[in-house]
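Source file: work_11.cif; contents: mmCIF, C-alpha atoms.
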data_work
#
loop_
_atom_site.label_atom_id
_atom_site.label_comp_id
_atom_site.auth_asym_id
_atom_site.auth_seq_id
_atom_site.Cartn_x
_atom_site.Cartn_y
_atom_site.Cartn_z
CA MET A 240 46.02 62.19 77.54
CA LYS A 241 45.38 59.20 79.78
CA LEU A 242 48.11 57.13 81.30
CA HIS A 243 47.92 54.09 83.56
CA TYR A 244 49.57 54.73 86.89
CA TYR A 245 50.29 52.18 89.58
CA PRO A 246 50.75 53.97 92.91
CA GLY A 247 51.48 50.95 95.11
CA CYS A 248 50.55 50.36 98.73
CA THR A 249 52.64 52.92 100.59
CA LEU A 250 51.64 55.91 98.49
CA LYS A 251 48.01 55.61 99.47
CA GLN A 252 48.57 56.01 103.18
CA LYS A 253 52.04 56.72 104.50
CA THR A 254 53.66 58.76 101.76
CA THR A 255 50.76 60.52 100.13
CA ALA A 256 53.21 63.32 99.38
CA LEU A 257 54.65 61.24 96.56
CA ASP A 258 51.24 60.29 95.20
CA ILE A 259 49.68 63.74 95.29
CA SER A 260 52.70 65.59 93.94
CA THR A 261 52.89 63.06 91.09
CA ARG A 262 49.25 63.64 90.15
CA GLU A 263 49.47 67.40 90.38
CA ALA A 264 52.67 67.57 88.37
CA MET A 265 51.41 65.25 85.65
CA ARG A 266 48.16 67.20 85.36
CA ARG A 267 50.18 70.28 84.54
CA LEU A 268 51.91 68.30 81.82
CA ASP A 269 48.50 67.37 80.34
CA VAL A 270 48.67 63.75 81.48
CA GLU A 271 45.73 62.29 83.34
CA LEU A 272 46.76 59.40 85.55
CA VAL A 273 44.38 56.44 85.71
CA GLU A 274 44.76 53.65 88.24
CA PRO A 275 44.06 50.11 87.04
CA GLU A 276 40.77 48.90 88.51
CA GLY A 277 41.22 46.73 91.60
CA TRP A 278 45.00 46.92 91.80
CA THR A 279 46.68 45.22 94.73
CA CYS A 280 50.05 45.38 96.41
CA CYS A 281 52.77 44.17 94.03
CA GLY A 282 54.45 42.11 96.75
CA ALA A 283 57.35 44.54 97.26
CA GLU A 284 59.93 41.82 96.67
CA TYR A 285 60.44 40.06 93.39
CA PRO A 286 60.62 36.33 94.23
CA LEU A 287 64.24 35.37 93.71
CA THR A 288 63.94 31.60 93.75
CA GLU A 289 62.66 29.56 90.89
CA GLU A 290 59.99 27.92 93.04
CA LYS A 291 58.31 30.99 94.52
CA ILE A 292 56.17 31.51 91.47
CA VAL A 293 53.13 32.60 93.45
CA GLY A 294 54.87 35.92 94.10
CA LEU A 295 54.42 36.72 90.42
CA ALA A 296 50.64 36.42 90.56
CA ALA A 297 49.93 39.83 92.13
CA PRO A 298 52.06 41.97 89.78
CA ILE A 299 50.92 40.04 86.70
CA ARG A 300 47.28 40.39 87.69
CA THR A 301 47.72 44.17 87.88
CA LEU A 302 49.52 44.26 84.54
CA ARG A 303 46.83 42.13 82.95
CA GLN A 304 44.22 44.54 84.27
CA VAL A 305 46.07 47.40 82.58
CA ARG A 306 45.94 45.45 79.33
CA GLU A 307 42.21 44.69 79.77
CA GLU A 308 41.61 48.42 80.15
CA GLY A 309 43.37 49.06 76.87
CA GLY A 310 46.62 50.36 78.31
CA ASP A 311 49.99 49.51 76.82
CA VAL A 312 52.10 51.43 79.33
CA VAL A 313 51.98 51.63 83.10
CA VAL A 314 54.09 54.08 85.09
CA THR A 315 55.14 53.85 88.72
CA THR A 316 57.13 56.10 90.98
CA CYS A 317 58.05 53.72 93.81
CA SER A 318 61.31 51.89 93.10
CA PHE A 319 60.09 48.65 94.68
CA CYS A 320 56.90 48.56 92.60
CA TYR A 321 58.87 49.43 89.50
CA SER A 322 61.33 46.65 90.14
CA VAL A 323 58.70 44.00 90.89
CA LEU A 324 56.40 44.90 87.98
CA LYS A 325 59.22 45.15 85.49
CA ARG A 326 60.96 41.95 86.53
CA ALA A 327 57.70 39.99 86.69
CA ASN A 328 56.79 41.26 83.24
CA LYS A 329 60.16 40.19 81.90
CA ALA A 330 59.88 36.77 83.54
CA ILE A 331 56.55 36.22 81.77
CA GLN A 332 58.06 37.24 78.45
CA ASP A 333 61.26 35.20 78.75
CA ASP A 334 60.44 32.13 80.82
CA PRO A 335 57.88 29.78 79.23
CA LEU A 336 57.50 27.77 82.42
CA LYS A 337 56.65 30.81 84.53
CA HIS A 338 54.34 32.04 81.78
CA LYS A 339 52.48 28.77 81.80
CA ARG A 340 52.21 28.38 85.54
CA VAL A 341 51.25 31.97 86.39
CA ASN A 342 48.66 32.11 83.64
CA ALA A 343 47.22 28.75 84.65
CA TYR A 344 46.75 30.17 88.12
CA LEU A 345 45.31 33.51 87.04
CA ARG A 346 42.98 32.16 84.36
CA ASP A 347 40.37 31.28 86.96
CA ASP A 348 40.24 34.74 88.53
CA ILE A 349 36.73 35.99 89.03
CA GLN A 350 36.16 39.68 88.65
CA ILE A 351 32.84 41.13 89.77
CA ASP A 352 31.86 44.52 88.49
CA PRO A 353 30.83 46.62 91.53
CA LEU A 354 27.93 48.26 89.70
CA THR A 355 26.47 45.69 87.34
CA LYS A 356 27.52 42.63 89.40
CA GLU A 357 28.64 41.11 86.13
CA ARG A 358 31.17 38.31 86.58
CA THR A 359 34.20 38.03 84.39
CA THR A 360 36.34 34.93 84.39
CA ASP A 361 38.36 32.79 81.99
CA PHE A 362 40.92 35.52 81.37
CA ALA A 363 43.14 35.38 78.31
CA ASP A 364 46.83 34.66 78.97
CA TYR A 365 49.01 37.61 79.81
CA ASN A 366 52.13 37.60 77.64
CA GLY A 367 53.93 40.72 78.81
CA GLU A 368 52.11 43.13 76.50
CA VAL A 369 52.23 46.08 78.90
CA LYS A 370 55.37 48.16 79.12
CA VAL A 371 56.44 49.07 82.65
CA LEU A 372 58.05 52.49 82.92
CA HIS A 373 59.34 54.53 85.78
CA LEU A 374 58.02 58.08 85.82
CA LEU A 375 61.57 59.37 85.26
CA GLU A 376 61.73 57.36 82.02
CA TYR A 377 58.32 58.59 80.98
CA LEU A 378 59.26 62.22 81.64
CA ARG A 379 62.43 61.84 79.63
CA ASP A 380 61.13 59.85 76.67
CA THR A 381 57.46 60.64 76.25
CA VAL A 382 56.89 64.06 77.80
CA GLY A 383 60.40 65.23 77.02
CA TYR A 384 62.51 67.77 78.90
CA PRO A 385 61.86 70.61 76.41
CA LYS A 386 58.15 70.44 77.20
CA ILE A 387 58.83 70.41 80.94
CA ARG A 388 61.06 73.48 80.58
CA GLU A 389 58.33 75.26 78.64
CA ARG A 390 55.84 74.70 81.42
CA ILE A 391 58.08 75.65 84.32
CA THR A 392 56.83 78.70 86.18
CA ARG A 393 59.09 78.68 89.20
CA ASP A 394 62.83 78.63 89.21
CA PHE A 395 64.98 76.69 91.64
CA ARG A 396 67.89 78.87 90.47
CA GLY A 397 70.35 76.04 90.41
CA LEU A 398 69.63 74.68 93.89
CA PRO A 399 72.25 71.97 94.45
CA VAL A 400 70.33 68.72 94.83
CA ALA A 401 71.67 65.17 95.04
CA ALA A 402 69.88 62.44 93.11
CA TYR A 403 69.68 59.16 95.02
CA TYR A 404 68.96 56.05 92.97
CA GLY A 405 69.29 53.40 95.65
CA CYS A 406 69.17 49.74 94.81
CA ARG A 407 66.03 48.79 92.96
CA LEU A 408 65.96 51.22 90.05
CA LEU A 409 69.26 50.10 88.60
CA ARG A 410 69.89 46.50 89.50
CA PRO A 411 69.94 43.79 88.28
CA GLN A 412 71.02 45.58 85.14
CA LYS A 413 70.09 42.65 82.84
CA GLU A 414 66.48 42.88 83.90
CA MET A 415 65.96 46.49 84.89
CA ALA A 416 67.90 48.09 82.00
CA PHE A 417 67.03 51.47 83.55
CA ASP A 418 70.37 53.20 83.20
CA GLU A 419 74.09 52.53 83.50
CA PRO A 420 74.41 50.67 86.82
CA ASP A 421 77.63 52.38 87.84
CA SER A 422 77.23 55.80 86.29
CA PRO A 423 73.52 56.52 86.00
CA HIS A 424 72.40 59.96 84.86
CA VAL A 425 68.65 59.93 84.12
CA PHE A 426 67.84 61.36 87.55
CA GLU A 427 70.50 64.08 87.24
CA ASP A 428 69.26 65.00 83.77
CA PHE A 429 65.77 65.38 85.21
CA LEU A 430 66.99 67.63 88.04
CA GLU A 431 68.88 69.83 85.58
CA ALA A 432 65.78 70.03 83.38
CA VAL A 433 63.65 71.41 86.23
CA GLY A 434 66.21 74.03 87.18
CA CYS A 435 68.23 72.39 89.94
CA ALA A 436 71.95 71.72 89.83
CA ALA A 437 72.56 67.97 90.14
CA VAL A 438 75.26 67.17 92.65
CA ASP A 439 77.61 64.36 91.69
CA TYR A 440 78.58 62.15 94.61
CA PRO A 441 79.85 58.60 94.88
CA PHE A 442 77.08 57.05 96.98
CA LYS A 443 74.13 57.64 94.67
CA GLN A 444 73.55 53.96 93.93
CA GLU A 445 74.51 52.55 97.33
CA CYS A 446 71.95 50.83 99.55
CA CYS A 447 70.11 52.83 102.27
CA GLY A 448 69.63 49.71 104.39
CA SER A 449 66.25 48.93 102.87
CA TYR A 450 64.00 46.72 105.01
CA LEU A 451 66.83 46.05 107.46
CA SER A 452 65.85 49.30 109.15
CA VAL A 453 63.22 47.23 110.95
CA SER A 454 65.29 44.19 111.89
CA LEU A 455 68.68 45.90 112.30
CA PRO A 456 68.13 49.63 112.79
CA ASP A 457 71.80 50.36 113.50
CA ALA A 458 73.01 48.84 110.26
CA ALA A 459 70.43 50.83 108.30
CA THR A 460 71.34 53.98 110.20
CA GLU A 461 74.94 53.55 109.13
CA ALA A 462 74.03 52.79 105.51
CA SER A 463 71.75 55.85 105.27
CA TYR A 464 74.33 58.02 107.01
CA ARG A 465 76.98 57.10 104.45
CA VAL A 466 74.70 58.23 101.64
CA LEU A 467 73.56 61.45 103.32
CA ARG A 468 77.06 62.43 104.40
CA SER A 469 78.45 61.86 100.94
CA ALA A 470 75.71 64.00 99.36
CA LYS A 471 76.23 66.76 101.90
CA MET A 472 80.02 66.72 101.60
CA ASN A 473 79.64 67.26 97.88
CA GLY A 474 77.57 70.36 98.42
CA ALA A 475 73.97 69.15 98.24
CA LYS A 476 71.30 71.24 99.97
CA ALA A 477 68.79 68.39 99.63
CA ILE A 478 68.65 64.80 98.48
CA THR A 479 65.93 63.49 96.19
CA VAL A 480 64.52 59.97 96.20
CA THR A 481 61.95 57.99 94.26
CA CYS A 482 61.23 55.34 96.87
CA PRO A 483 59.07 55.64 100.03
CA LEU A 484 61.41 53.29 101.87
CA CYS A 485 64.52 55.33 101.06
CA PHE A 486 62.50 58.33 102.23
CA TYR A 487 61.64 56.61 105.49
CA ASN A 488 65.22 55.52 106.13
CA MET A 489 66.75 58.87 105.36
CA ASP A 490 64.05 61.28 106.54
CA HIS A 491 62.07 59.65 109.35
CA ARG A 492 65.17 58.10 110.84
CA GLN A 493 67.39 61.13 110.47
CA GLU A 494 67.16 61.95 114.19
CA ALA A 495 68.68 58.54 114.93
CA ILE A 496 71.36 59.16 112.30
CA LYS A 497 72.23 62.51 113.84
CA ALA A 498 72.36 60.99 117.31
CA ALA A 499 74.70 58.22 116.15
CA TYR A 500 76.95 60.37 113.98
CA LEU A 501 77.68 63.74 115.51
CA ASP A 502 79.43 65.13 112.42
CA PHE A 503 76.17 65.01 110.48
CA SER A 504 73.93 68.04 110.82
CA GLY A 505 70.92 67.08 108.72
CA LEU A 506 69.84 67.19 105.08
CA PRO A 507 66.28 67.53 103.77
CA VAL A 508 64.97 64.56 101.78
CA LEU A 509 62.58 65.24 98.90
CA PHE A 510 60.63 63.21 96.41
CA PHE A 511 61.55 64.02 92.82
CA THR A 512 57.89 64.70 92.08
CA GLN A 513 57.74 67.42 94.74
CA ILE A 514 60.51 69.24 92.90
CA LEU A 515 58.75 68.77 89.58
CA ALA A 516 55.36 69.81 90.93
CA TRP A 517 56.67 72.97 92.57
CA ALA A 518 58.61 74.00 89.47
CA LEU A 519 55.44 73.55 87.43
CA GLY A 520 53.56 75.92 89.71
CA VAL A 521 51.70 73.52 92.00
CA ASP A 522 50.67 75.09 95.29
CA LYS A 523 53.13 74.44 98.10
CA GLU A 524 50.29 73.18 100.31
CA LEU A 525 49.81 70.24 97.94
CA LEU A 526 53.38 69.00 98.17
CA GLY A 527 52.76 67.10 101.41
CA LEU A 528 55.66 68.79 103.17
CA GLY A 529 53.97 68.03 106.48
CA GLU A 530 55.00 64.38 106.07
CA HIS A 531 58.67 65.29 106.34
CA THR A 532 60.52 64.95 109.62
CA VAL A 533 63.41 67.06 108.38
CA PRO A 534 61.95 70.48 107.53
CA ALA A 535 62.06 70.96 103.78
CA ALA A 536 59.62 73.82 103.20
CA ALA A 537 62.35 76.47 103.07
CA LEU A 538 63.69 74.95 99.86
CA PHE A 539 60.48 75.88 98.09
CA SER A 540 60.66 79.64 98.41
CA GLU A 541 58.41 81.72 96.21
CA ARG A 542 60.44 83.42 93.53
CA PRO A 543 58.95 83.75 90.08
CA SER A 544 60.99 82.50 87.19
CA THR A 545 63.12 85.37 85.95
CA GLU A 546 64.26 83.86 82.72
CA VAL A 547 63.07 81.28 80.25
CA ARG A 548 65.46 78.36 80.51
CA SER A 549 66.31 76.69 77.29
CA MET B 278 88.51 25.88 112.18
CA ARG B 279 89.23 22.45 110.77
CA VAL B 280 86.54 21.19 108.48
CA LYS B 281 86.57 17.71 107.11
CA LEU B 282 85.40 17.84 103.53
CA LYS B 283 83.27 15.13 102.09
CA SER B 284 81.67 14.81 98.74
CA GLY B 285 78.90 12.37 99.43
CA PRO B 286 75.31 12.29 98.21
CA ASP B 287 74.19 14.75 100.95
CA GLN B 288 76.64 17.39 99.83
CA ARG B 289 75.82 16.90 96.18
CA LYS B 290 72.11 17.08 96.92
CA PHE B 291 72.52 20.36 98.80
CA ILE B 292 74.55 21.93 95.99
CA ALA B 293 72.12 20.72 93.35
CA ARG B 294 69.19 22.10 95.32
CA ILE B 295 70.82 25.54 95.69
CA GLU B 296 71.56 25.61 91.98
CA GLU B 297 68.05 24.52 91.12
CA LEU B 298 66.42 27.14 93.35
CA SER B 299 68.71 30.03 92.49
CA GLY B 300 69.22 29.23 88.84
CA GLU B 301 72.88 30.17 89.32
CA ASN B 302 76.03 28.14 88.74
CA VAL B 303 77.80 28.39 92.08
CA PHE B 304 80.93 26.75 90.68
CA ALA B 305 81.46 29.71 88.38
CA CYS B 306 82.69 31.62 91.44
CA TYR B 307 86.49 31.92 91.63
CA GLN B 308 86.54 33.78 94.95
CA CYS B 309 87.62 37.20 93.75
CA GLY B 310 85.67 38.75 96.63
CA ARG B 311 84.12 41.65 94.76
CA CYS B 312 80.68 40.75 96.18
CA SER B 313 82.00 41.11 99.70
CA ALA B 314 83.97 44.25 98.87
CA GLY B 315 80.86 46.05 97.70
CA CYS B 316 78.39 44.68 100.23
CA PRO B 317 76.91 47.48 102.37
CA MET B 318 76.17 45.04 105.19
CA ALA B 319 79.53 43.22 105.16
CA SER B 320 80.59 44.75 108.48
CA GLU B 321 77.68 43.06 110.26
CA MET B 322 78.21 39.62 108.75
CA ASP B 323 79.75 36.55 110.33
CA LEU B 324 80.40 35.02 106.91
CA LEU B 325 81.01 37.26 103.92
CA PRO B 326 79.06 36.64 100.71
CA ASN B 327 82.06 35.07 98.97
CA GLN B 328 82.55 32.76 101.97
CA ILE B 329 78.91 31.69 101.78
CA ILE B 330 79.32 30.73 98.16
CA ARG B 331 82.56 28.87 98.90
CA LEU B 332 80.83 26.86 101.62
CA VAL B 333 78.01 26.09 99.19
CA GLN B 334 80.57 24.85 96.66
CA MET B 335 81.92 22.52 99.33
CA GLY B 336 78.44 21.35 100.26
CA LEU B 337 78.77 22.46 103.90
CA GLU B 338 75.07 22.84 104.48
CA GLU B 339 75.11 23.21 108.26
CA GLU B 340 77.71 25.96 108.27
CA VAL B 341 75.77 27.90 105.66
CA LEU B 342 72.38 27.48 107.29
CA ARG B 343 73.46 28.71 110.69
CA SER B 344 75.10 31.87 109.36
CA LYS B 345 73.70 35.26 110.41
CA THR B 346 74.54 36.55 106.95
CA LEU B 347 71.35 35.12 105.45
CA PHE B 348 69.32 37.68 107.37
CA LEU B 349 71.62 40.60 106.74
CA CYS B 350 71.24 40.64 102.99
CA ALA B 351 69.13 43.60 101.90
CA SER B 352 68.90 42.28 98.31
CA CYS B 353 70.40 45.51 96.97
CA PHE B 354 72.10 43.56 94.14
CA THR B 355 75.40 45.43 94.45
CA CYS B 356 77.12 42.02 94.44
CA GLU B 357 75.16 40.99 91.37
CA SER B 358 76.18 44.10 89.46
CA ARG B 359 79.86 43.58 90.28
CA CYS B 360 80.31 39.83 89.86
CA PRO B 361 82.70 39.22 86.96
CA LYS B 362 81.24 35.74 86.54
CA GLY B 363 77.64 36.91 86.37
CA ILE B 364 76.46 35.17 89.51
CA ASP B 365 73.48 36.74 91.23
CA MET B 366 74.52 36.33 94.84
CA ALA B 367 71.17 37.65 96.10
CA ARG B 368 69.51 34.66 94.45
CA VAL B 369 71.95 32.28 96.13
CA MET B 370 71.13 33.89 99.50
CA GLU B 371 67.42 33.55 98.79
CA ALA B 372 67.87 29.89 97.82
CA VAL B 373 69.62 29.19 101.12
CA ARG B 374 66.84 30.95 103.06
CA HIS B 375 64.35 28.88 101.08
CA ILE B 376 65.75 25.56 102.29
CA LEU B 377 65.85 26.52 105.97
CA ASP B 378 63.56 24.38 108.10
CA PRO B 379 60.02 25.33 107.08
CA LYS B 380 58.82 24.54 110.59
CA GLY B 381 61.54 26.62 112.21
CA LYS B 382 61.16 30.00 113.82
CA ASP B 383 60.75 33.12 111.69
CA ALA B 384 64.01 35.01 111.44
CA PHE B 385 61.90 38.14 111.70
CA GLY B 386 58.17 37.83 112.22
CA PRO B 387 55.24 40.17 112.72
CA GLY B 388 55.48 39.78 116.53
CA GLU B 389 58.71 41.74 116.56
CA ILE B 390 57.17 44.99 115.39
CA SER B 391 55.52 46.99 118.17
CA PRO B 392 52.12 48.58 117.42
CA GLU B 393 53.68 52.06 117.79
CA LEU B 394 56.38 51.28 115.26
CA ALA B 395 53.87 49.67 112.91
CA LYS B 396 51.95 52.94 112.79
CA GLU B 397 55.00 54.77 111.58
CA LEU B 398 56.48 52.23 109.16
CA PRO B 399 55.66 52.38 105.48
CA GLN B 400 53.65 49.33 104.38
CA GLN B 401 56.30 48.51 101.85
CA VAL B 402 58.95 47.78 104.47
CA MET B 403 56.71 45.34 106.34
CA VAL B 404 55.66 43.51 103.20
CA SER B 405 59.25 43.19 102.04
CA ILE B 406 60.80 42.09 105.33
CA PHE B 407 58.17 39.42 105.94
CA ARG B 408 58.53 38.20 102.38
CA LYS B 409 62.24 37.83 102.97
CA PHE B 410 62.60 36.72 106.56
CA ALA B 411 59.31 35.15 107.68
CA LYS B 412 58.14 31.72 106.67
#
If you took the structure in this file and wrote it as structure tokens, what would it be?
Amino acid sequence: MKLHYYPGCTLKQKTTALDISTREAMRRLDVELVEPEGWTCCGAEYPLTEEKIVGLAAPIRTLRQVREEGGDVVVTTCSFCYSVLKRANKAIQDDPLKHKRVNAYLRDDIQIDPLTKERTTDFADYNGEVKVLHLLEYLRDTVGYPKIRERITRDFRGLPVAAYYGCRLLRPQKEMAFDEPDSPHVFEDFLEAVGCAAVDYPFKQECCGSYLSVSLPDAATEASYRVLRSAKMNGAKAITVTCPLCFYNMDHRQEAIKAAYLDFSGLPVLFFTQILAWALGVDKELLGLGEHTVPAAALFSERPSTEVRS
Amino acid sequence: MRVKLKSGPDQRKFIARIEELSGENVFACYQCGRCSAGCPMASEMDLLPNQIIRLVQMGLEEEVLRSKTLFLCASCFTCESRCPKGIDMARVMEAVRHILDPKGKDAFGPGEISPELAKELPQQVMVSIFRKFAK
């Protein structure tokens, strides 16, 4: 079965681990991921003021392309892309003024087919027809955990793993409606379904410092440290993320965290799709473990599944 | 600090502009401080989020615009999720950044990232920080 998939800018170059493990895992669940033709960066930040309407053009153009290709669902893995696409989609559905202005701007797009050189323009209005889903939602609702458990060939044997939601998946609750903002559990349910033991800890929806890691590295170091320490104190052997920026802040900057906070001894950071892909039997070489600064390969040790989990 | 409060057309214009841009009713705030209590960046701030909104209510444009806090907000929406009055503080912050002098200096511009760092950073972080802090 075909499914539209929006990888977003970072997955194509800096965190290919997330992109490749997503594709490999979904292939083993009989889902073929298709990228919308000519997708662009979503803008990373949903424009928060009423006058920055131009920021909606890029995500809406991508969503319209999904519709033109006959898709009614698009999945993403990156939290930022998910947040921008979902909020932009909702703005188009709920706000007539934004609907009118964005569509007036995008109507005159010219699309040139690379092969036939055929020009398409005068696009029909986009009215929010495409549903934006995070891969975690898709795995839970459409694929279903029973099917994932059926396909699992490798067992994590209850490896204690912390699920980190961060900021963008959950909030603002009114618009994201992803899970309970203060007691989310979709990520934990996923980890349990693939054979890990989800670690409960109080910092799972705290901020990692986000883009402030560039302008104020120390503040982001502290924010990421708080999350990592809390996960580790509660017994996690690894922390899982959905977002390339959380990954950067917690993995690539972990040396700085360790240097600033001597009580912290390190914690591997994984993408949730790496866990899924490995459990489904994807070759370890394809998980992109070389992109990690904190060595994580030891967590994926070859032991065949000894029992069928139900 | 003694501040003389006025409620002239300048103050009213500033408040109206913030409300128009953010789409939030700043007068709904009753200063419970839950936004500041939950803010992960509060320790770095010169004015806490609830103080920013109080100054906006009083129309003290200058005090708000020169605060460091505007460029410490990571838009993580923790304040938004906790506000008992349903105010999205991140939108108020964005509205204040929006009315800063458009000819002024970038709070954080591309020149501040070294080529070595740029090689390592995920694209996403550069797109988002320039969207937030550059003109």
Can you check which residues of chain A have any atom within 7 Å of chain B? Use all atoms listed in the file and format it as a ChimeraX atom specification. /A:248-249,253,282-284,287-290,406-407,410-412,446,448-451,454,462,484
Quick one: residues within 10 Å of Asp269 of chain A, all atoms listed in the file, excluding same-chain residues fewer than 2 positions away - as a list in words?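 So, after excluding close chain neighbours, the residues are Met240, Lys241, Ala264, Met265, Arg266, Arg267, Glu271, Leu272 and Val382 of chain A.
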Around all the atoms of segment 364-378 of chain B listed in the file, draw an axis-aligned box and extend it by 3 Å on each of the six sides; I want its centre and edge lengths in Å to one decimal, as lines of an AutoDock Vina configuration file.
center_x = 70.0
center_y = 31.0
center_z = 98.8
size_x = 18.9
size_y = 19.3
size_z = 24.6
Which residues are near segment 292-300 of chain A? Cut-off 8 Å, all atoms listed in the file, ignore same chain within fewer than 2 positions. Put them as a PyMOL selection string. chain A and resi 279-282+285-286+289-290+302-304+323-324+327-328+337+340-341+344-345+365
How far is it from atom CA of Asp348 of chain A to atom CA of Thr316 of chain A, in Å with one decimal?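 According to the coordinates, atom CA of Asp348 of chain A and atom CA of Thr316 of chain A are separated by 27.3 Å.
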Would you mind reading off the distance between atom CA of Ala498 of chain A and atom CA of Ser318 of chain A, one decimal, in Å?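 Between atom CA of Ala498 of chain A and atom CA of Ser318 of chain A the gap is 28.1 Å.
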Shell around segment 308-314 of chain B at 7 Å using all atoms listed in the file, local window under 5 positions removed, as a list of chain:residue names: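 So, after excluding close chain neighbours, the residues are B:Ala319, B:Leu325, B:Pro326, B:Asn327, B:Cys356, B:Arg359, B:Cys360.
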